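What follows is a set of notes on a single structure, which appears directly below.
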Number of protein chains: 2
Amino acid sequence: MKYVHSCMIRGDGGRTLRAILDQICNKWTLLVVATLDAGTLRFKELHQRIPGISQRMLTLTLRNLERDGLVSRTVHAEVPPRVDYELTETGRSLLEPALALAGWAIEHVPQIEASREAYKKA
Amino acid sequence: MKYVHSCMIRGDGGRTLRAILDQICNKWTLLVVATLDAGTLRFKELHQRIPGISQRMLTLTLRNLERDGLVSRTVHAEVPPRVDYELTETGRSLLEPALALAGWAIEHVPQIEASREAYKKA
DNA sequence: CTGTATCCCCAAAGATACTG
DNA sequence: CAGTATCTTTGGGGATACAG
């Protein structure tokens with residue numbers, strides 16, 4: 001696993017990697033991907049399941065994920081409109097490391113908050 | 001692993017988790033943590049190994065990591081000053097999911113860039 | 001060497017209103 | 001329902017200078 005570190009520091013100076021990483025680790029992307037773990041969801045369902053996200057940011061995040069080939073978008077010719085979003089094969093492959101990171105964060109929330117409290121007092 | 005998703009969406013509305021996740025997924029944190037995979041490093045060594053980071057951002061990132069209990073900071077009473085940074089036990093536990101995500105990003109860089117190209121043309 | 005202290009900028013994100 | 005358009009805000013991050 002050490003090669004990861006090498007690749008990050010060397011190569012193109014980590015620029016390409018950081019660009020991808022920035023794309024993944026922005027405010028909403030991981031949350032949207034994790035939510036799509038549930039399967040195919042329409043726009044409104046995503047909007048409801050992700051508290052605090054605005055319509056605009058959900059749209060932008062989904063467009064970027066679609067552009068990167070991580071999410072597929074299916075428009076159904078119906079009235080009212082219906083658009084389904086689903087993880088692609090690549091998107092599902094991101095699920096594992098993404099959920100691992102999210103899991104780590106959840107597990108360590110109490111510890112980190114305790115550390116922050118201790119830091120404030122010192 | 002489904003419980004991760006549940007926790008993210010429910011609970012406090014995912015606010016606490018997102019706060020932690022934001023802290024981890026900012027521009028430099030993952031890179032600093034990954035760099036400290038190499039072991040104990042002093043300020044200048046970190047600065048050299050992370051291309052593009054400013055002194056200010058390195059300091060801020062390290063302070064946050066220290067506050068969160070992920071990095072330990074040791075000041076040696078020497079002239080010139082010497083400060084060593086090292087991952088704590090908690091910090092090292094972040095290494096695995098962090099490197100997994102970085103590894104995923106590296107593996108999928110070509111694929112994502114190809115998808116972006118295809119998207120542009122369409 | 002290892003940092004603070006300032007100033008500044010801009011892109012990301014929010015709010016709101018409107019539309020096919 | 002599923003967006004787009006527009007405006008505004010904010011704070012993350014860069015550059016620079018200075019300090020212990």
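How things are named: the first chain in the structure tokens is A, the next is B, and so on; residues count from 1 in each chain; ligands count from 1 in the order shown.
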
* Fewer than 6 positions away in the same chain doesn't count, so skip those; otherwise give me all residues within 10 Å of range 1-17 of chain C, counting only C-alpha atoms (C1' of nucleotides), as a PyMOL selection string. => (chain A and resi 26-27+53-54+56-57) or (chain B and resi 42-44+55-56+59+75+79-83) or (chain D and resi 5-20)

Which residues of chain B have any atom within 6 Å of an atom in chain A when counting only C-alpha atoms, and what is the closest pair of atoms for each, with the distance in Å to one decimal? Order the rows by chain and rising number and write it as a tab-separated table.
residue	atom	partner	partner_atom	distance
B:Val4	CA	A:Gly103	CA	5.8
B:Cys25	CA	A:Cys25	CA	5.1
B:Arg67	CA	A:Arg116	CA	5.5
B:Asp68	CA	A:Ile112	CA	5.0
B:Gly69	CA	A:Ser115	CA	5.6
B:Pro97	CA	A:Leu101	CA	5.1
B:Ala100	CA	A:Pro97	CA	5.7
B:Leu101	CA	A:Pro97	CA	5.2
B:Gly103	CA	A:Val4	CA	5.9
B:Ile112	CA	A:Asp68	CA	5.1
B:Ser115	CA	A:Asp68	CA	5.3
B:Arg116	CA	A:Arg67	CA	5.5
B:Tyr119	CA	A:Arg67	CA	5.7

Just C-alpha atoms for this one: save the residues we selected as a PDB file, in the first residue's frame.
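Written out: again.pdb:
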ATOM      1  CA  VAL B   4     -23.098   3.547   7.832  1.00  0.00           C
ATOM      2  CA  CYS B  25     -11.702  15.835   3.088  1.00  0.00           C
ATOM      3  CA  ARG B  67      -6.627  19.393  17.870  1.00  0.00           C
ATOM      4  CA  ASP B  68      -8.510  16.339  16.618  1.00  0.00           C
ATOM      5  CA  GLY B  69      -5.947  14.045  18.189  1.00  0.00           C
ATOM      6  CA  PRO B  97      -9.420   4.113   4.765  1.00  0.00           C
ATOM      7  CA  ALA B 100      -7.933   3.104   0.234  1.00  0.00           C
ATOM      8  CA  LEU B 101      -9.725   6.162  -1.089  1.00  0.00           C
ATOM      9  CA  GLY B 103      -5.805   4.239  -4.104  1.00  0.00           C
ATOM     10  CA  ILE B 112     -12.650   9.249 -15.054  1.00  0.00           C
ATOM     11  CA  SER B 115     -15.446   9.772 -19.126  1.00  0.00           C
ATOM     12  CA  ARG B 116     -14.964  13.524 -18.864  1.00  0.00           C
ATOM     13  CA  TYR B 119     -18.977  13.950 -21.761  1.00  0.00           C
TER      14      TYR B 119
END

* **Point-to-point distance in Å for CA of Leu58 in chain B and CA of Tyr85 in chain B** => 11.6 Å

* To do: Looking only at alpha helix (DSSP H) from DSSP on the backbone, list the matching residues of range 21-109 of chain B as a PyMOL selection string.
  => chain B and resi 21-24+29-35+43-49+55-67+89-109

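Taking the backbone of this structure through DSSP, the residues of chain A that come out as strand (DSSP E or B) are A:Leu41, A:Arg42, A:Val71, A:Ser72, A:Arg73, A:Thr74, A:Val75, A:His76, A:Arg82, A:Val83, A:Asp84, A:Tyr85, A:Glu86, A:Leu87.
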